[in-house]
Structures are given as C-alpha cells and as structure tokens.
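K.L.:
Coordinates in run16.pdb, PDB, C-alpha atoms, are listed below.
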```
ATOM      1  CA  MET A  24     -11.847   9.352  -7.879
ATOM      2  CA  ILE A  25     -12.534   5.881  -6.479
ATOM      3  CA  HIS A  26     -13.533   6.159  -2.835
ATOM      4  CA  THR A  27     -12.048   3.406  -0.720
ATOM      5  CA  LYS A  28     -12.481   2.017   2.780
ATOM      6  CA  ILE A  29      -9.307   2.695   4.755
ATOM      7  CA  ILE A  30      -8.331   1.808   8.309
ATOM      8  CA  ILE A  31      -5.731   4.002  10.010
ATOM      9  CA  ALA A  32      -4.114   2.606  13.147
ATOM     10  CA  GLY A  33      -2.732   5.273  15.455
ATOM     11  CA  GLY A  34      -4.056   8.733  16.244
ATOM     12  CA  GLY A  35      -0.737  10.580  16.550
ATOM     13  CA  ASN A  36       0.159  13.510  14.304
ATOM     14  CA  VAL A  37       0.610  11.283  11.263
ATOM     15  CA  GLY A  38      -2.577   9.279  11.732
ATOM     16  CA  ARG A  39      -4.681  12.266  12.719
ATOM     17  CA  ASN A  40      -3.656  14.448   9.766
ATOM     18  CA  LEU A  41      -3.868  11.563   7.304
ATOM     19  CA  THR A  42      -7.408  10.919   8.546
ATOM     20  CA  LYS A  43      -8.354  14.557   7.933
ATOM     21  CA  VAL A  44      -6.946  14.552   4.398
ATOM     22  CA  LEU A  45      -8.498  11.259   3.333
ATOM     23  CA  SER A  46     -11.867  12.098   4.907
ATOM     24  CA  LYS A  47     -12.014  15.370   2.967
ATOM     25  CA  GLU A  48     -11.455  13.359  -0.211
ATOM     26  CA  ARG A  49     -14.545  11.381   0.794
ATOM     27  CA  HIS A  50     -12.816   8.088   1.445
ATOM     28  CA  LYS A  51     -14.488   5.962   4.107
ATOM     29  CA  VAL A  52     -11.945   6.204   6.911
ATOM     30  CA  THR A  53     -11.888   4.376  10.235
ATOM     31  CA  LEU A  54      -9.254   5.477  12.731
ATOM     32  CA  ILE A  55      -8.310   3.275  15.690
ATOM     33  CA  GLU A  56      -6.704   4.909  18.742
ATOM     34  CA  LYS A  57      -6.272   3.334  22.175
ATOM     35  CA  ASP A  58      -6.032   6.619  24.140
ATOM     36  CA  PRO A  59      -9.650   7.597  24.935
ATOM     37  CA  GLU A  60      -8.945  11.343  25.129
ATOM     38  CA  ILE A  61      -7.113  11.420  21.793
ATOM     39  CA  ALA A  62      -9.816   9.279  20.203
ATOM     40  CA  LYS A  63     -12.473  11.706  21.450
ATOM     41  CA  GLU A  64     -10.593  14.734  20.098
ATOM     42  CA  ILE A  65     -10.196  13.190  16.657
ATOM     43  CA  ALA A  66     -13.853  12.111  16.559
ATOM     44  CA  ILE A  67     -14.899  15.727  17.142
ATOM     45  CA  ASP A  68     -12.371  17.088  14.658
ATOM     46  CA  THR A  69     -13.044  14.791  11.653
ATOM     47  CA  ASP A  70     -15.831  13.067   9.757
ATOM     48  CA  ALA A  71     -14.134   9.680  10.144
ATOM     49  CA  LEU A  72     -15.373   6.837  12.281
ATOM     50  CA  VAL A  73     -13.099   6.717  15.341
ATOM     51  CA  LEU A  74     -12.790   3.569  17.438
ATOM     52  CA  LYS A  75     -11.169   3.451  20.863
ATOM     53  CA  GLY A  76      -9.073   0.315  21.132
ATOM     54  CA  ASP A  77      -5.804  -1.470  20.424
ATOM     55  CA  ALA A  78      -5.262  -1.719  16.671
ATOM     56  CA  SER A  79      -3.013  -4.755  17.114
ATOM     57  CA  ASP A  80      -5.971  -6.658  18.613
ATOM     58  CA  MET A  81      -7.938  -8.776  16.149
ATOM     59  CA  VAL A  82     -11.283  -8.040  17.784
ATOM     60  CA  THR A  83     -10.731  -4.289  17.416
ATOM     61  CA  LEU A  84      -9.640  -4.668  13.800
ATOM     62  CA  GLU A  85     -12.717  -6.763  13.024
ATOM     63  CA  GLU A  86     -14.879  -4.080  14.620
ATOM     64  CA  GLY A  87     -13.179  -1.592  12.302
ATOM     65  CA  GLY A  88     -14.066  -3.734   9.299
ATOM     66  CA  ILE A  89     -10.628  -5.042   8.367
ATOM     67  CA  GLU A  90     -12.082  -7.988   6.431
ATOM     68  CA  LYS A  91     -13.773  -5.610   3.990
ATOM     69  CA  CYS A  92     -11.290  -2.736   3.879
ATOM     70  CA  ASP A  93      -9.316  -1.776   0.772
ATOM     71  CA  ALA A  94      -6.257  -0.557   2.662
ATOM     72  CA  ILE A  95      -4.796  -0.282   6.128
ATOM     73  CA  VAL A  96      -2.176   2.164   7.405
ATOM     74  CA  ALA A  97      -0.184   1.123  10.467
ATOM     75  CA  ALA A  98       0.773   4.607  11.680
ATOM     76  CA  THR A  99       1.548   4.173  15.375
ATOM     77  CA  GLN A 100       4.804   5.370  16.934
ATOM     78  CA  ASP A 101       5.821   1.800  17.815
ATOM     79  CA  ASP A 102       7.383  -0.386  15.122
ATOM     80  CA  LYS A 103       6.471  -3.656  16.866
ATOM     81  CA  THR A 104       2.823  -2.619  16.948
ATOM     82  CA  ASN A 105       2.927  -1.577  13.297
ATOM     83  CA  MET A 106       4.475  -4.916  12.405
ATOM     84  CA  MET A 107       1.782  -6.849  14.279
ATOM     85  CA  ILE A 108      -0.945  -4.865  12.529
ATOM     86  CA  SER A 109       0.717  -5.478   9.171
ATOM     87  CA  GLU A 110       1.008  -9.224   9.860
ATOM     88  CA  ILE A 111      -2.686  -9.465  10.735
ATOM     89  CA  ALA A 112      -3.674  -7.459   7.667
ATOM     90  CA  LYS A 113      -1.519  -9.634   5.423
ATOM     91  CA  SER A 114      -2.967 -12.856   6.856
ATOM     92  CA  ILE A 115      -6.489 -11.608   6.132
ATOM     93  CA  GLY A 116      -5.558 -10.518   2.625
ATOM     94  CA  VAL A 117      -5.974  -6.735   2.854
ATOM     95  CA  PRO A 118      -5.138  -5.486  -0.675
ATOM     96  CA  ARG A 119      -2.932  -2.574   0.383
ATOM     97  CA  ILE A 120      -0.831  -2.377   3.550
ATOM     98  CA  VAL A 121       1.172   0.744   4.401
ATOM     99  CA  ALA A 122       3.413   0.723   7.467
ATOM    100  CA  ARG A 123       5.115   3.581   9.259
ATOM    101  CA  VAL A 124       8.702   2.742  10.300
ATOM    102  CA  ASN A 125      10.023   4.880  13.133
ATOM    103  CA  GLU A 126      13.463   3.450  13.876
ATOM    104  CA  PRO A 127      16.202   3.502  11.204
ATOM    105  CA  GLY A 128      17.223  -0.044  10.356
ATOM    106  CA  ASN A 129      13.807  -1.601  10.926
ATOM    107  CA  GLU A 130      12.790  -1.229   7.283
ATOM    108  CA  GLU A 131      14.318  -4.611   6.444
ATOM    109  CA  LEU A 132      12.102  -6.371   9.004
ATOM    110  CA  PHE A 133       8.973  -5.097   7.257
ATOM    111  CA  VAL A 134      10.332  -5.987   3.820
ATOM    112  CA  LYS A 135      11.083  -9.543   4.992
ATOM    113  CA  LEU A 136       7.502  -9.720   6.228
ATOM    114  CA  GLY A 137       6.407  -8.891   2.687
ATOM    115  CA  ILE A 138       5.266  -5.328   3.383
ATOM    116  CA  GLN A 139       6.557  -3.308   0.452
ATOM    117  CA  SER A 140       4.805   0.000   1.182
ATOM    118  CA  ILE A 141       6.811   1.343   4.110
ATOM    119  CA  ILE A 142       7.251   4.949   5.210
ATOM    120  CA  PRO A 143      10.606   5.480   6.996
ATOM    121  CA  ILE A 144       9.765   8.594   9.026
ATOM    122  CA  THR A 145      13.281   9.319  10.320
ATOM    123  CA  GLN A 146      14.965   8.777   6.967
ATOM    124  CA  ILE A 147      12.451  11.066   5.252
ATOM    125  CA  ALA A 148      13.223  13.804   7.774
ATOM    126  CA  ILE A 149      16.978  13.354   7.310
ATOM    127  CA  THR A 150      16.634  13.463   3.532
ATOM    128  CA  SER A 151      14.514  16.622   3.685
ATOM    129  CA  ILE A 152      17.009  18.403   5.951
ATOM    130  CA  THR A 153      19.912  17.294   3.753
ATOM    131  CA  ASN A 154      18.217  18.782   0.693
ATOM    132  CA  VAL A 155      17.743  22.108   2.486
ATOM    133  CA  LEU A 156      21.459  22.175   3.279
ATOM    134  CA  LEU A 157      22.511  21.266  -0.258
ATOM    135  CA  GLY A 158      22.728  23.954  -2.910
ATOM    136  CA  ALA A 159      20.760  24.369  -6.120
ATOM    137  CA  GLY A 160      21.144  21.504  -8.567
ATOM    138  CA  GLU A 161      21.735  18.927  -5.839
ATOM    139  CA  ARG A 162      19.107  16.670  -4.313
ATOM    140  CA  VAL A 163      19.142  13.494  -2.250
ATOM    141  CA  VAL A 164      16.375  11.356  -3.714
ATOM    142  CA  ALA A 165      16.607   8.601  -1.106
ATOM    143  CA  GLN A 166      18.791   7.109   1.594
ATOM    144  CA  ILE A 167      19.131   3.340   1.438
ATOM    145  CA  SER A 168      20.762   0.501   3.387
ATOM    146  CA  ASP A 169      20.081   2.149   6.746
ATOM    147  CA  GLY A 170      21.627   5.415   5.543
ATOM    148  CA  LYS A 171      24.865   3.798   4.358
ATOM    149  CA  ALA A 172      24.175   4.706   0.725
ATOM    150  CA  GLN A 173      22.346   7.501  -1.083
ATOM    151  CA  ILE A 174      20.663   8.100  -4.399
ATOM    152  CA  VAL A 175      21.676  11.608  -5.446
ATOM    153  CA  GLU A 176      20.334  13.749  -8.279
ATOM    154  CA  LEU A 177      22.864  16.209  -9.709
ATOM    155  CA  VAL A 178      22.838  18.703 -12.576
ATOM    156  CA  ILE A 179      26.016  18.438 -14.676
ATOM    157  CA  PRO A 180      27.618  21.888 -15.227
ATOM    158  CA  GLU A 181      29.906  22.855 -18.125
ATOM    159  CA  THR A 182      32.902  22.746 -15.776
ATOM    160  CA  SER A 183      32.157  19.243 -14.446
ATOM    161  CA  SER A 184      34.998  16.749 -14.234
ATOM    162  CA  VAL A 185      32.588  13.959 -15.209
ATOM    163  CA  ARG A 186      31.427  15.686 -18.388
ATOM    164  CA  ASP A 187      32.049  13.417 -21.406
ATOM    165  CA  SER A 188      32.593  10.413 -19.123
ATOM    166  CA  VAL A 189      31.303   7.178 -20.640
ATOM    167  CA  GLY A 190      29.785   4.226 -18.789
ATOM    168  CA  THR A 191      28.060   3.660 -15.459
ATOM    169  CA  ARG A 192      31.067   3.684 -13.117
ATOM    170  CA  ILE A 193      32.032   7.203 -12.079
ATOM    171  CA  ASN A 194      34.877   7.210  -9.549
ATOM    172  CA  GLY A 195      33.208   4.831  -7.102
ATOM    173  CA  ALA A 196      29.657   5.980  -7.849
ATOM    174  CA  LEU A 197      27.131   4.213 -10.059
ATOM    175  CA  LEU A 198      25.320   6.227 -12.734
ATOM    176  CA  GLY A 199      21.726   5.023 -12.848
ATOM    177  CA  SER A 200      19.967   7.302 -15.300
ATOM    178  CA  ILE A 201      20.085  10.660 -17.067
ATOM    179  CA  TYR A 202      17.272  13.103 -17.794
ATOM    180  CA  ARG A 203      18.146  14.986 -20.996
ATOM    181  CA  ASN A 204      15.931  17.205 -23.162
ATOM    182  CA  GLY A 205      12.740  15.697 -21.781
ATOM    183  CA  THR A 206      13.936  12.108 -22.177
ATOM    184  CA  VAL A 207      14.990   9.599 -19.516
ATOM    185  CA  ILE A 208      18.058   7.568 -20.458
ATOM    186  CA  ILE A 209      18.848   4.396 -18.485
ATOM    187  CA  ALA A 210      22.636   4.365 -18.207
ATOM    188  CA  ASP A 211      24.703   1.593 -19.766
ATOM    189  CA  LYS A 212      28.334   1.095 -20.797
ATOM    190  CA  ASP A 213      27.910   3.428 -23.792
ATOM    191  CA  THR A 214      26.164   6.309 -21.993
ATOM    192  CA  ARG A 215      28.039   9.621 -22.239
ATOM    193  CA  ILE A 216      27.440  12.364 -19.668
ATOM    194  CA  GLU A 217      26.803  15.811 -21.151
ATOM    195  CA  ALA A 218      26.606  19.307 -19.667
ATOM    196  CA  GLY A 219      23.041  20.090 -18.622
ATOM    197  CA  ASP A 220      22.172  16.473 -17.887
ATOM    198  CA  VAL A 221      20.264  15.714 -14.692
ATOM    199  CA  ALA A 222      22.082  12.598 -13.532
ATOM    200  CA  LEU A 223      21.033  10.079 -10.897
ATOM    201  CA  PHE A 224      23.923   8.529  -8.976
ATOM    202  CA  ILE A 225      24.064   5.798  -6.334
ATOM    203  CA  THR A 226      26.997   6.036  -3.943
ATOM    204  CA  LYS A 227      28.052   5.359  -0.378
ATOM    205  CA  THR A 228      27.107   8.158   2.012
ATOM    206  CA  GLU A 229      30.736   8.717   2.942
ATOM    207  CA  SER A 230      31.552   9.263  -0.747
ATOM    208  CA  VAL A 231      28.903  11.927  -1.425
ATOM    209  CA  PRO A 232      31.195  14.954  -0.732
ATOM    210  CA  ARG A 233      33.783  13.557  -3.168
ATOM    211  CA  LEU A 234      31.099  12.972  -5.810
ATOM    212  CA  LEU A 235      29.796  16.540  -5.411
ATOM    213  CA  LYS A 236      33.253  18.028  -5.905
ATOM    214  CA  LEU A 237      33.849  15.825  -8.906
ATOM    215  CA  VAL A 238      30.561  16.741 -10.557
ATOM    216  CA  LYS A 239      31.048  20.446  -9.852
ATOM    217  CA  GLY A 240      34.592  20.314 -11.214
ATOM    218  CA  GLU A 241      36.144  21.671  -8.026
TER
END
```
Output the file's structure in the form of structure tokens.
P.N.:
Amino acid sequence: MIHTKIIIAGGGNVGRNLTKVLSKERHKVTLIEKDPEIAKEIAIDTDALVLKGDASDMVTLEEGGIEKCDAIVAATQDDKTNMMISEIAKSIGVPRIVARVNEPGNEELFVKLGIQSIIPITQIAITSITNVLLGAGERVVAQISDGKAQIVELVIPETSSVRDSVGTRINGALLGSIYRNGTVIIADKDTRIEAGDVALFITKTESVPRLLKLVKGE
C-alpha cells in the first residue's frame, strides 16, 4: 500500500473516524479542528497530527502542509467552509480533493467548482434507509438531480412484465445495463431483458413505485 499525506479538515464524527481509519493504515494524516477541546480529544485518541485552527484559513492550511499533501478531505459540517477549503486546495494544485456535502442540492455548486469527488451525506443516508425498506432483489444505487431521479437495481423475475422487452426505454424508465451470467451488458436498442437478469434502471423518483410493480409483474 502506498502511504500518502492527507489533510482532514473538520473533527466531527466523520473527520474523527476517518482520521482513525487512515492513521491505522499508516497514512500520514493531519487533522485540522478549530474547537480546542475537540482537537485535544482527537490528539489523545489517534496517532495523527492534530492542529487547532480554521481549516479555511490559508495560514493554517500551510501549517498543515497543504502544499506537499497528496489529498485533502473537507469534512466539516458547513458546506460554505468545505467549498472554501476545496477552492484553496484546487488553486494550490492538491492532487485529490474530497468534499463532504451536507445540504441536498449543494452538490452542483461543488461540481461547478471542479470538485468531482463529493460525498453527499444526506443523500447517502436516504439511500441506505430506502434500501432497508425495499425488499430482496431491489436496491437504490444512487439518487441524482437533488433526489428527483434514482438509479435502481432490480432482479427480473420469471413473472416480470418487462421480461422479453427489447430496447432501453421501459415505460418511462431508461435501461442502463444488465448483469447476466457474470457479464455486464450495456443496454442498446437490441438488448432483450431476460428472467434472472440484474437490471440497472434510471427513472424519476415519483415513477419508482410504478417501475417496481412493472418489474415484479404485479
């Protein structure tokens, strides 16, 4: 494993636990936290270098070694702060920038900034809960467009109404790919859906219940 120098901004639950995990893997981790008590707790609890300060301040980031780091994680609970940290890191040329996004809908702001590695905390939680509520053979892979659309993975049963359907348009949903007998098939106009396929659909969130009934053959 290649050990890298990583800066983590924010000592909340995400930053603290990420610091523990990466430190155990022997990466050189520097955590920046502005609350002196939290910073002290983390310093005692991990092998990482912990700096007390504002991670959106250039002086603090320079003290943390941002100009020589391999990656930075903006993990605070404030999206504006995470965006400022990401902007600074991008201007310096940090190779890898990962930003936590707390508020649904703010993902686009980070993408426009050129930050491709974003972690939408709320959407991840919603997706996880949705998967617990769904039955076997159904899984929400991702929620996109601020939750207005979903990528859903469904197993095609023998009784499915979409079995033997051909093409990528399935009653308002878009068939993206099929996993069949160990092979991934990228759907096109000639793709036929078969029983036992694990199919990946993209559809509007409001249309998911209809898609589920259609796939199940109800």
K.L.:
Kindly give the distance, in Å, that separates atom CA of Ile179 of chain A and atom CA of Thr228 of chain A, rounded to a single decimal.
P.N.:
19.6 Å
K.L.:
Can you give me, as a PyMOL selection string, the residues this file yields under the PyMOL selection byres ((chain A and resi 172) around 6)?
P.N.:
chain A and resi 166-167+170-171+173+226-228
K.L.:
Could you pull out every residue with an atom within 12 Å of (20.8, 19.8, 1.7), file coordinates, counting all atoms listed in the file, and send them as a list of chain:residue names?
P.N.:
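Those residues, ordered by chain and then number, are A:Ala148, A:Ile149, A:Thr150, A:Ser151, A:Ile152, A:Thr153, A:Asn154, A:Val155, A:Leu156, A:Leu157, A:Gly158, A:Ala159, A:Gly160, A:Glu161, A:Arg162, A:Val163, A:Val164, A:Val175, A:Glu176, A:Val231, A:Pro232, A:Leu235.
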K.L.:
When the PyMOL selection byres ((chain A and resi 72) around 6) is applied to the file above, which residues end up in the set, as a ChimeraX atom specification?
P.N.:
/A:53,71,73
K.L.:
Would you please work out which residue, of A:Ile30, A:Val189, A:Val37, A:Leu45, is nearest to Ile108 of chain A when using all atoms listed in the file?
P.N.:
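Smallest separation from Ile108 of chain A among the options: A:Ile30.
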K.L.:
Given the file shown, determine the residues that the PyMOL selection byres ((chain A and resi 88) around 12) selects; report them as a list of chain:residue names.
P.N.:
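Against this file, the PyMOL selection byres ((chain A and resi 88) around 12) returns the residues A:Lys28, A:Ile29, A:Ile30, A:Ile31, A:Lys51, A:Val52, A:Thr53, A:Leu54, A:Ile55, A:Leu72, A:Leu74, A:Ala78, A:Met81, A:Val82, A:Thr83, A:Leu84, A:Glu85, A:Glu86, A:Gly87, A:Ile89, A:Glu90, A:Lys91, A:Cys92, A:Asp93, A:Ala94, A:Ile95, A:Ala112, A:Ile115, A:Val117.
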K.L.:
Could the residues in this selection be saved with C-alpha atoms as a PDB file, in the coordinates of the input?
P.N.:
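Here's the written file selection00.pdb:
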```pdb
ATOM      1  CA  LYS A  28     -12.481   2.017   2.780  1.00  0.00           C
ATOM      2  CA  ILE A  29      -9.307   2.695   4.755  1.00  0.00           C
ATOM      3  CA  ILE A  30      -8.331   1.808   8.309  1.00  0.00           C
ATOM      4  CA  ILE A  31      -5.731   4.002  10.010  1.00  0.00           C
ATOM      5  CA  LYS A  51     -14.488   5.962   4.107  1.00  0.00           C
ATOM      6  CA  VAL A  52     -11.945   6.204   6.911  1.00  0.00           C
ATOM      7  CA  THR A  53     -11.888   4.376  10.235  1.00  0.00           C
ATOM      8  CA  LEU A  54      -9.254   5.477  12.731  1.00  0.00           C
ATOM      9  CA  ILE A  55      -8.310   3.275  15.690  1.00  0.00           C
ATOM     10  CA  LEU A  72     -15.373   6.837  12.281  1.00  0.00           C
ATOM     11  CA  LEU A  74     -12.790   3.569  17.438  1.00  0.00           C
ATOM     12  CA  ALA A  78      -5.262  -1.719  16.671  1.00  0.00           C
ATOM     13  CA  MET A  81      -7.938  -8.776  16.149  1.00  0.00           C
ATOM     14  CA  VAL A  82     -11.283  -8.040  17.784  1.00  0.00           C
ATOM     15  CA  THR A  83     -10.731  -4.289  17.416  1.00  0.00           C
ATOM     16  CA  LEU A  84      -9.640  -4.668  13.800  1.00  0.00           C
ATOM     17  CA  GLU A  85     -12.717  -6.763  13.024  1.00  0.00           C
ATOM     18  CA  GLU A  86     -14.879  -4.080  14.620  1.00  0.00           C
ATOM     19  CA  GLY A  87     -13.179  -1.592  12.302  1.00  0.00           C
ATOM     20  CA  ILE A  89     -10.628  -5.042   8.367  1.00  0.00           C
ATOM     21  CA  GLU A  90     -12.082  -7.988   6.431  1.00  0.00           C
ATOM     22  CA  LYS A  91     -13.773  -5.610   3.990  1.00  0.00           C
ATOM     23  CA  CYS A  92     -11.290  -2.736   3.879  1.00  0.00           C
ATOM     24  CA  ASP A  93      -9.316  -1.776   0.772  1.00  0.00           C
ATOM     25  CA  ALA A  94      -6.257  -0.557   2.662  1.00  0.00           C
ATOM     26  CA  ILE A  95      -4.796  -0.282   6.128  1.00  0.00           C
ATOM     27  CA  ALA A 112      -3.674  -7.459   7.667  1.00  0.00           C
ATOM     28  CA  ILE A 115      -6.489 -11.608   6.132  1.00  0.00           C
ATOM     29  CA  VAL A 117      -5.974  -6.735   2.854  1.00  0.00           C
TER      30      VAL A 117
END
```
K.L.:
Find the residues near segment 193-197 of chain A: any atom within 9 Å, counting all atoms listed in the file, skip ones fewer than 2 places away on the same chain, and give them as a ChimeraX atom specification.
P.N.:
/A:185,188-191,199,223-227,230-231,234,237
K.L.:
Within 7 Å of Lys239 of chain A, counting only C-alpha atoms, which residues qualify if same-chain residues fewer than 2 places away don't, as a PyMOL selection string?
P.N.:
chain A and resi 180+182-184+235-237+241
K.L.:
Could you save those same residues with C-alpha atoms as a short mmCIF file (atom, residue, chain, number, x, y, z; two decimals), in the coordinates of the input?
P.N.:
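Wrote it out as result-v5.cif, contents follow:
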```
data_model
loop_
_atom_site.label_atom_id
_atom_site.label_comp_id
_atom_site.auth_asym_id
_atom_site.auth_seq_id
_atom_site.Cartn_x
_atom_site.Cartn_y
_atom_site.Cartn_z
CA PRO A 180 27.62 21.89 -15.23
CA THR A 182 32.90 22.75 -15.78
CA SER A 183 32.16 19.24 -14.45
CA SER A 184 35.00 16.75 -14.23
CA LEU A 235 29.80 16.54 -5.41
CA LYS A 236 33.25 18.03 -5.90
CA LEU A 237 33.85 15.82 -8.91
CA GLU A 241 36.14 21.67 -8.03
#
```
K.L.:
Pick from A:Ile216, A:Ile208, A:Met106, A:Ile147: nearest to Glu131 of chain A, with all atoms listed in the file counted?
P.N.:
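Once distances to Glu131 of chain A are computed over all atoms listed in the file, the minimum belongs to A:Met106.
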K.L.:
Rounded to one decimal place, report the atom CA of Ala32 of chain A-atom CA of Thr145 of chain A distance in Å.
P.N.:
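For atom CA of Ala32 of chain A relative to atom CA of Thr145 of chain A, the distance reads 18.9 Å.
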K.L.:
Work out how far atom CA of Val178 of chain A is from atom CA of Ala222 of chain A, in Å to one decimal.
P.N.:
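Value for the atom CA of Ala222 of chain A-atom CA of Val178 of chain A distance: 6.2 Å.
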K.L.:
Centre and edge lengths, as lines of an AutoDock Vina configuration file, for the axis-aligned box enclosing every listed atom of segment 228-232 of chain A with 5 Å of padding on each of the six sides, in Å to one decimal?
P.N.:
```
center_x = 29.3
center_y = 11.6
center_z = 0.8
size_x = 14.4
size_y = 16.8
size_z = 14.4
```
K.L.:
Considering all atoms listed in the file, can you say which of A:Val121, A:Ile61, A:Ile201, A:Ile111 comes closest to Ala97 of chain A?
P.N.:
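Looking only at the distances to Ala97 of chain A, the closest residue turns out to be A:Val121.
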K.L.:
I need the residue nearest Asn40 of chain A from this list: A:Ala165, A:Val221, A:Ala98, A:Leu136. Use only C-alpha atoms for the distance.
P.N.:
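Of all the options, A:Ala98 lies closest to Asn40 of chain A.
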K.L.:
Using all atoms listed in the file for the distances, tell me which of A:Thr99, A:Asp220, A:Phe133, A:Arg119 is nearest to Thr206 of chain A.
P.N.:
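Result for the nearest residue to Thr206 of chain A: A:Asp220.
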K.L.:
Quick one: segment 172-183 of chain A from the block, N, CA and C atoms, as a PDB file, in the first residue's frame.
P.N.:
```pdb
ATOM      1  N   ALA A 172     -34.408  12.000  -9.288  1.00  0.00           N
ATOM      2  CA  ALA A 172     -34.285  10.773 -10.084  1.00  0.00           C
ATOM      3  C   ALA A 172     -33.460   9.748  -9.313  1.00  0.00           C
ATOM      4  N   GLN A 173     -33.632   8.476  -9.665  1.00  0.00           N
ATOM      5  CA  GLN A 173     -32.915   7.410  -8.970  1.00  0.00           C
ATOM      6  C   GLN A 173     -32.364   6.395  -9.958  1.00  0.00           C
ATOM      7  N   ILE A 174     -31.252   5.808  -9.575  1.00  0.00           N
ATOM      8  CA  ILE A 174     -30.700   4.673 -10.308  1.00  0.00           C
ATOM      9  C   ILE A 174     -31.024   3.442  -9.462  1.00  0.00           C
ATOM     10  N   VAL A 175     -31.831   2.549 -10.030  1.00  0.00           N
ATOM     11  CA  VAL A 175     -32.355   1.414  -9.272  1.00  0.00           C
ATOM     12  C   VAL A 175     -31.881   0.104  -9.883  1.00  0.00           C
ATOM     13  N   GLU A 176     -31.444  -0.804  -9.016  1.00  0.00           N
ATOM     14  CA  GLU A 176     -31.003  -2.129  -9.454  1.00  0.00           C
ATOM     15  C   GLU A 176     -32.093  -3.144  -9.100  1.00  0.00           C
ATOM     16  N   LEU A 177     -32.571  -3.865 -10.093  1.00  0.00           N
ATOM     17  CA  LEU A 177     -33.682  -4.800  -9.885  1.00  0.00           C
ATOM     18  C   LEU A 177     -33.378  -6.155 -10.520  1.00  0.00           C
ATOM     19  N   VAL A 178     -33.747  -7.222  -9.821  1.00  0.00           N
ATOM     20  CA  VAL A 178     -33.641  -8.570 -10.361  1.00  0.00           C
ATOM     21  C   VAL A 178     -34.941  -8.879 -11.107  1.00  0.00           C
ATOM     22  N   ILE A 179     -34.832  -9.364 -12.330  1.00  0.00           N
ATOM     23  CA  ILE A 179     -36.002  -9.641 -13.166  1.00  0.00           C
ATOM     24  C   ILE A 179     -36.531 -11.048 -12.887  1.00  0.00           C
ATOM     25  N   PRO A 180     -37.746 -11.173 -12.312  1.00  0.00           N
ATOM     26  CA  PRO A 180     -38.309 -12.498 -12.035  1.00  0.00           C
ATOM     27  C   PRO A 180     -38.979 -13.096 -13.279  1.00  0.00           C
ATOM     28  N   GLU A 181     -39.321 -14.379 -13.203  1.00  0.00           N
ATOM     29  CA  GLU A 181     -39.987 -15.056 -14.318  1.00  0.00           C
ATOM     30  C   GLU A 181     -41.312 -14.391 -14.667  1.00  0.00           C
ATOM     31  N   THR A 182     -41.985 -13.847 -13.647  1.00  0.00           N
ATOM     32  CA  THR A 182     -43.318 -13.272 -13.843  1.00  0.00           C
ATOM     33  C   THR A 182     -43.291 -11.805 -14.266  1.00  0.00           C
ATOM     34  N   SER A 183     -42.109 -11.249 -14.494  1.00  0.00           N
ATOM     35  CA  SER A 183     -41.984  -9.817 -14.776  1.00  0.00           C
ATOM     36  C   SER A 183     -42.680  -9.411 -16.071  1.00  0.00           C
TER      37      SER A 183
END
```
